[in-house]
Every structure is written in structure tokens, then in C-alpha cells.
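Peer 1: model-v9.txt is reproduced below (compact mmCIF, C-alpha atoms).
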# COMPACT_ATOMS: atom_id res chain seq x y z
CA HIS J 1 28.29 -12.41 8.01
CA ARG J 2 25.39 -14.41 9.34
CA VAL J 3 25.10 -16.33 6.05
CA VAL J 4 28.80 -17.16 6.13
CA TRP J 5 28.51 -18.28 9.74
CA GLU J 6 25.50 -20.47 8.94
CA VAL J 7 27.51 -22.16 6.17
CA LEU J 8 30.41 -22.71 8.58
CA ARG J 9 28.11 -24.12 11.27
CA LEU J 10 26.53 -26.51 8.79
CA GLN J 11 29.79 -27.68 7.24
CA ALA J 12 29.54 -31.00 9.10
CA ASP J 13 26.15 -31.64 7.48
CA MET J 14 27.00 -33.16 4.12
CA HIS J 15 23.39 -32.70 2.98
CA HIS J 16 23.58 -28.92 3.17
CA TYR J 17 24.28 -27.65 -0.34
CA SER J 18 22.44 -24.33 -0.52
CA HIS J 19 25.71 -22.39 -0.71
CA GLU J 20 26.69 -24.46 -3.76
CA ILE J 21 23.39 -23.59 -5.42
CA VAL J 22 24.01 -19.89 -4.80
CA LEU J 23 27.54 -20.18 -6.20
CA SER J 24 26.21 -21.99 -9.29
CA MET J 25 23.64 -19.24 -9.82
CA LEU J 26 26.33 -16.59 -9.37
CA SER J 27 28.48 -18.35 -11.98
CA CYS J 28 25.69 -17.98 -14.54
CA LEU J 29 25.64 -14.20 -14.31
CA PRO J 30 27.76 -12.13 -16.70
CA GLY J 31 31.19 -11.90 -15.08
CA GLY J 32 29.94 -14.06 -12.24
CA GLU J 33 32.39 -16.91 -12.81
CA ALA J 34 35.30 -14.90 -11.37
CA THR J 35 33.20 -13.69 -8.45
CA ALA J 36 31.98 -17.21 -7.71
CA ALA J 37 35.59 -18.44 -7.70
CA ILE J 38 36.58 -15.74 -5.19
CA VAL J 39 33.62 -16.55 -2.94
CA ARG J 40 34.27 -20.31 -3.20
CA ASP J 41 37.94 -19.78 -2.28
CA ALA J 42 37.01 -17.57 0.68
CA LEU J 43 34.50 -20.14 1.95
CA ASP J 44 37.07 -22.92 1.61
CA ARG J 45 39.61 -20.88 3.59
CA LEU J 46 37.04 -20.07 6.26
CA ARG J 47 36.03 -23.72 6.58
CA SER J 48 39.62 -24.87 6.98
CA ALA J 49 40.59 -22.15 9.49
CA PRO J 50 40.83 -23.21 13.13
CA GLU J 51 37.77 -22.52 15.24
CA PRO J 52 38.29 -19.24 17.11
CA ALA J 53 38.51 -19.38 20.89
CA VAL J 54 36.03 -16.59 21.52
CA SER J 55 32.80 -17.07 23.39
CA GLY J 56 29.69 -15.28 24.50
CA LYS J 57 31.45 -14.78 27.84
CA GLY J 58 34.12 -12.72 26.10
CA ILE J 59 31.53 -10.62 24.27
CA THR J 60 29.58 -10.13 27.52
CA GLY J 61 32.75 -8.72 29.08
CA LEU J 62 33.06 -5.96 26.47
CA ALA J 63 31.98 -2.68 28.00
CA GLY J 64 29.42 -0.79 25.98
CA VAL J 65 28.00 -3.65 23.91
CA PRO J 66 24.26 -3.84 24.66
CA PRO J 67 22.98 -7.31 25.64
CA HIS J 68 20.63 -7.60 22.66
CA GLN J 69 23.53 -6.95 20.23
CA ARG J 70 25.97 -9.48 21.72
CA GLY J 71 24.81 -12.40 19.57
CA ASN J 72 25.19 -10.38 16.38
CA LEU J 73 28.64 -9.24 17.43
CA LEU J 74 29.69 -12.77 18.38
CA THR J 75 28.61 -14.07 14.96
CA ARG J 76 30.65 -11.40 13.20
CA MET J 77 33.66 -11.93 15.47
CA LEU J 78 33.67 -15.68 14.79
CA VAL J 79 33.76 -15.09 11.03
CA PHE J 80 36.28 -12.24 11.37
CA PHE J 81 38.61 -14.30 13.57
CA ARG J 82 38.48 -17.18 11.09
CA MET J 83 39.43 -14.77 8.32
CA LEU J 84 42.38 -13.53 10.38
CA VAL J 85 43.22 -17.08 11.57
CA VAL J 86 43.26 -15.96 15.20
CA GLU J 87 44.43 -18.90 17.27
CA ARG J 88 44.82 -17.34 20.72
CA ALA J 89 42.16 -17.62 23.40
CA LEU J 90 39.97 -14.54 23.58
CA ASP J 91 37.41 -15.96 25.95
CA ASP J 92 37.16 -13.08 28.39
CA GLY J 93 36.28 -9.44 27.95
CA ALA J 94 39.68 -8.05 28.95
CA LYS J 95 41.65 -10.16 26.44
CA LEU J 96 39.10 -9.54 23.71
CA SER J 97 39.04 -5.80 24.36
CA VAL J 98 42.84 -5.52 24.21
CA PHE J 99 42.93 -7.59 21.01
CA LEU J 100 40.22 -5.55 19.27
CA ASN J 101 41.65 -2.20 20.35
CA ASP J 102 45.38 -2.88 19.95
CA ASP J 103 45.83 -5.65 17.39
CA CYS J 104 42.85 -4.65 15.25
CA ASP J 105 43.52 -0.91 15.17
CA GLY J 106 40.68 0.26 17.39
CA LEU J 107 37.99 -2.06 16.03
CA LEU J 108 36.08 -2.12 19.32
CA LEU J 109 35.84 1.68 19.34
CA ALA J 110 34.70 1.60 15.71
CA VAL J 111 31.98 -0.94 16.62
CA LEU J 112 30.82 1.20 19.55
CA ASN J 113 30.82 4.32 17.35
CA GLU J 114 28.62 2.43 14.88
CA LEU J 115 26.19 1.25 17.59
CA TYR J 116 25.81 4.60 19.34
CA GLU J 117 24.92 8.00 17.95
CA ASP J 118 26.85 9.98 20.56
CA ALA J 119 30.52 10.06 21.52
CA ASP J 120 29.70 9.03 25.12
CA HIS J 121 28.14 5.77 23.85
CA THR J 122 24.91 6.28 25.79
CA THR J 123 22.26 6.57 23.04
CA LEU J 124 21.90 3.66 20.64
CA ARG J 125 21.19 4.42 17.01
CA GLN J 126 17.61 3.61 16.04
CA GLN J 127 18.59 0.62 13.89
CA TYR J 128 20.44 -0.99 16.83
CA ALA J 129 17.88 -0.24 19.55
CA ARG J 130 16.21 -3.17 21.25
CA PRO J 131 13.23 -4.14 19.16
CA THR J 132 9.97 -3.79 21.00
CA SER J 133 7.40 -6.55 20.86
CA SER J 134 3.98 -5.92 19.41
CA LYS J 135 2.55 -6.38 22.92
CA ALA J 136 4.80 -3.64 24.28
CA LYS J 137 3.83 -1.33 21.40
CA ALA J 138 0.11 -1.99 21.97
CA LYS J 139 0.45 -1.39 25.71
CA ALA J 140 2.28 1.91 25.14
CA LYS J 141 -0.36 2.94 22.59
CA SER J 142 -3.26 2.12 24.91
CA LYS J 143 -1.51 3.86 27.80
CA ALA J 144 -1.15 6.99 25.69
CA LYS J 145 -4.88 6.89 24.84
CA THR J 146 -5.97 6.49 28.47
CA ARG J 147 -3.97 9.42 29.80
CA PRO J 148 -6.25 12.27 30.77
CA SER J 149 -5.70 15.35 28.72
CA LYS J 150 -4.49 18.44 30.49
CA PRO J 151 -7.13 21.08 31.01
CA LYS J 152 -6.71 24.13 28.85
CA PRO J 153 -6.15 27.39 30.75
Using C-alpha cells, write down the structure from this file.
Peer 2:
Amino acid sequence: HRVVWEVLRLQADMHHYSHEIVLSMLSCLPGGEATAAIVRDALDRLRSAPEPAVSGKGITGLAGVPPHQRGNLLTRMLVFFRMLVVERALDDGAKLSVFLNDDCDGLLLAVLNELYEDADHTTLRQQYARPTSSKAKAKAKSKAKTRPSKPKP
């Protein structure tokens, strides 16, 4: 999704042709001509779709989406809404939540179930946890080394 979004963001830059290079390479593979045509058609449809009226404010208003995952979700929603040709304003959490749950057959719940390992949506899966910086890891490691060991009985 991020690659598709990058192509859409750069569509105004006429000097950006990397997606054409990838499509040309795909065309050279056995059976790749048909796949390249499908991808080219999908990109053309995505480029011509109206820009979705969803914003970071709307994503921020979705209960349960951790702050460090909002950007990833927004990127995917922008591509998804272009694919669906969503033209209504979904710029606040309430509207976006209703749309994802009702019009998209429980998509928000599916996203939350993917992000969290428990049904209560309290424990993030390891792959979606906030990445820790190398400084934080080093500090935790040094803290663990400096803790006095418990005396043995």
C-alpha cells in the first residue's frame, strides 16, 4: 500500500518514472504482460479517483488505534478509499468509525483484531508494538546489569 501511495503522491511530478520501470520489468517475466496490464490499469484508476476526504484527525479519532500506527493506517485508508471511490467526508473519528464498521462490513474491528493479540484490544501484537530506539534498548540493558542480585537463602 505504501508503494501505491508513494506513486499517487508523486503523480504530479512528471519526472518520476520508477513505477513504469517496474511495470516494464514485470512485463518481461513469463506471463508478466497480463499482470503488468492489470497493475497499470489499477494505477490509472487510482490516479484518476477523487482524493479521499479522510485526514489524520479522523484516524486519531478512531478508538483503539495506537498513535504510532496511525500513519500506516492513514496511508492504507487513502489507497483503499481511492479504490472504493469514496467521495464523502470522513474527516472525524465518528464518521470514519461508522463508515468502516457499517459500510465496510466491520473493517475497523478486523483492523483492531489484527493489531491486538487479545479480544479486549489491550495487548499489541509484537510486530505492531512501538519500536524501541537503540538508546532505549541500551538503557534497559544497562539497567538490568546494574540491578543488585537477590541474596540466596
Peer 1: Go through J:Met77, J:Asp120, J:Ala42, J:Met83 and flag the residue nearest Gly56 of chain J, using all atoms listed in the file for the distances.
Peer 2: J:Met77
Peer 1: Mind checking which residues fall within 12 Å of Arg70 of chain J, counting all atoms listed in the file, ignoring those fewer than 5 positions away in the same chain, and posting them as an MDAnalysis selection string?
Peer 2: chainID J and resid 55:65 75:77 111:112 115 128 130
Peer 1: Report, in Å to a single decimal, how far apart atom CA of Leu46 of chain J and atom CA of Glu87 of chain J are.
Peer 2: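 Spanning atom CA of Glu87 of chain J to atom CA of Leu46 of chain J is a straight-line distance of 13.3 Å.
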Peer 1: Can you tell me, as a ChimeraX atom specification, what residues are no more than 10 Å from Arg45 of chain J when counting only C-alpha atoms, ignoring any on the same chain fewer than 4 positions away?
Peer 2: /J:39-41,49-50,82-83,85
Peer 1: Take the selection from the previous step and output its residues with C-alpha atoms, as a compact mmCIF listing (two decimals), in the frame of the given file.
Peer 2:
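Written output follows (part.txt):
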# COMPACT_ATOMS: atom_id res chain seq x y z
CA VAL J 39 33.62 -16.55 -2.94
CA ARG J 40 34.27 -20.31 -3.20
CA ASP J 41 37.94 -19.78 -2.28
CA ALA J 49 40.59 -22.15 9.49
CA PRO J 50 40.83 -23.21 13.13
CA ARG J 82 38.48 -17.18 11.09
CA MET J 83 39.43 -14.77 8.32
CA VAL J 85 43.22 -17.08 11.57
Peer 1: Counting all atoms listed in the file, which residues have an atom no more than 9 Å from (22.4, -2.0, 17.6) in the file's coordinates? Please list them as a list in words.
Peer 2: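 Counting all atoms listed in the file, I find these residues within 9 Å of (22.4, -2.0, 17.6): Val65, Pro66, His68, Gln69, Asn72, Glu114, Leu115, Tyr116, Leu124, Arg125, Gln126, Gln127, Tyr128, Ala129 and Arg130 of chain J.
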Peer 1: So that I can look at just that part, could you write segment 71-92 of chain J with N, CA, C and O atoms, as a short mmCIF file (atom, residue, chain, number, x, y, z; two decimals), in the first residue's frame?
Peer 2:
data_model
loop_
_atom_site.label_atom_id
_atom_site.label_comp_id
_atom_site.auth_asym_id
_atom_site.auth_seq_id
_atom_site.Cartn_x
_atom_site.Cartn_y
_atom_site.Cartn_z
N GLY J 71 -0.25 6.62 11.18
CA GLY J 71 0.26 6.97 9.85
C GLY J 71 0.14 5.82 8.87
O GLY J 71 -0.27 6.01 7.73
N ASN J 72 0.48 4.61 9.33
CA ASN J 72 0.34 3.43 8.48
C ASN J 72 -1.12 3.20 8.09
O ASN J 72 -1.43 2.90 6.94
N LEU J 73 -2.01 3.35 9.06
CA LEU J 73 -3.42 3.16 8.78
C LEU J 73 -3.94 4.23 7.83
O LEU J 73 -4.70 3.92 6.90
N LEU J 74 -3.53 5.46 8.03
CA LEU J 74 -3.97 6.55 7.14
C LEU J 74 -3.52 6.28 5.71
O LEU J 74 -4.31 6.43 4.77
N THR J 75 -2.29 5.84 5.52
CA THR J 75 -1.79 5.52 4.18
C THR J 75 -2.66 4.46 3.53
O THR J 75 -3.08 4.60 2.37
N ARG J 76 -2.96 3.42 4.26
CA ARG J 76 -3.79 2.33 3.70
C ARG J 76 -5.22 2.80 3.42
O ARG J 76 -5.82 2.42 2.43
N MET J 77 -5.75 3.62 4.32
CA MET J 77 -7.11 4.13 4.12
C MET J 77 -7.19 5.02 2.88
O MET J 77 -8.17 4.95 2.12
N LEU J 78 -6.19 5.83 2.64
CA LEU J 78 -6.20 6.70 1.47
C LEU J 78 -6.20 5.90 0.18
O LEU J 78 -6.94 6.21 -0.76
N VAL J 79 -5.42 4.83 0.13
CA VAL J 79 -5.42 3.96 -1.05
C VAL J 79 -6.74 3.22 -1.15
O VAL J 79 -7.37 3.15 -2.21
N PHE J 80 -7.20 2.66 -0.04
CA PHE J 80 -8.46 1.90 0.00
C PHE J 80 -9.64 2.77 -0.44
O PHE J 80 -10.46 2.34 -1.25
N PHE J 81 -9.71 4.00 0.06
CA PHE J 81 -10.82 4.87 -0.29
C PHE J 81 -10.77 5.30 -1.75
O PHE J 81 -11.79 5.51 -2.38
N ARG J 82 -9.57 5.40 -2.31
CA ARG J 82 -9.47 5.67 -3.76
C ARG J 82 -9.99 4.49 -4.54
O ARG J 82 -10.63 4.65 -5.57
N MET J 83 -9.66 3.28 -4.08
CA MET J 83 -10.12 2.08 -4.78
C MET J 83 -11.64 1.99 -4.75
O MET J 83 -12.27 1.59 -5.73
N LEU J 84 -12.24 2.37 -3.63
CA LEU J 84 -13.70 2.34 -3.49
C LEU J 84 -14.38 3.57 -4.08
O LEU J 84 -15.61 3.58 -4.18
N VAL J 85 -13.60 4.58 -4.44
CA VAL J 85 -14.09 5.89 -4.90
C VAL J 85 -15.06 6.47 -3.85
O VAL J 85 -16.21 6.77 -4.13
N VAL J 86 -14.54 6.60 -2.63
CA VAL J 86 -15.30 7.19 -1.54
C VAL J 86 -15.22 8.70 -1.67
O VAL J 86 -14.13 9.26 -1.63
N GLU J 87 -16.36 9.33 -1.83
CA GLU J 87 -16.37 10.78 -2.04
C GLU J 87 -16.90 11.56 -0.85
O GLU J 87 -16.84 12.77 -0.85
N ARG J 88 -17.42 10.88 0.16
CA ARG J 88 -17.95 11.62 1.31
C ARG J 88 -16.83 11.97 2.29
O ARG J 88 -15.79 11.33 2.32
N ALA J 89 -17.08 12.99 3.07
CA ALA J 89 -16.09 13.46 4.04
C ALA J 89 -16.06 12.51 5.24
O ALA J 89 -17.08 12.26 5.87
N LEU J 90 -14.89 11.99 5.51
CA LEU J 90 -14.68 11.11 6.66
C LEU J 90 -13.54 11.68 7.50
O LEU J 90 -12.56 11.02 7.80
N ASP J 91 -13.69 12.95 7.84
CA ASP J 91 -12.60 13.67 8.48
C ASP J 91 -12.67 13.72 10.00
O ASP J 91 -11.91 14.42 10.63
N ASP J 92 -13.59 12.97 10.58
CA ASP J 92 -13.58 12.85 12.04
C ASP J 92 -13.78 11.39 12.42
O ASP J 92 -14.28 10.59 11.64
#
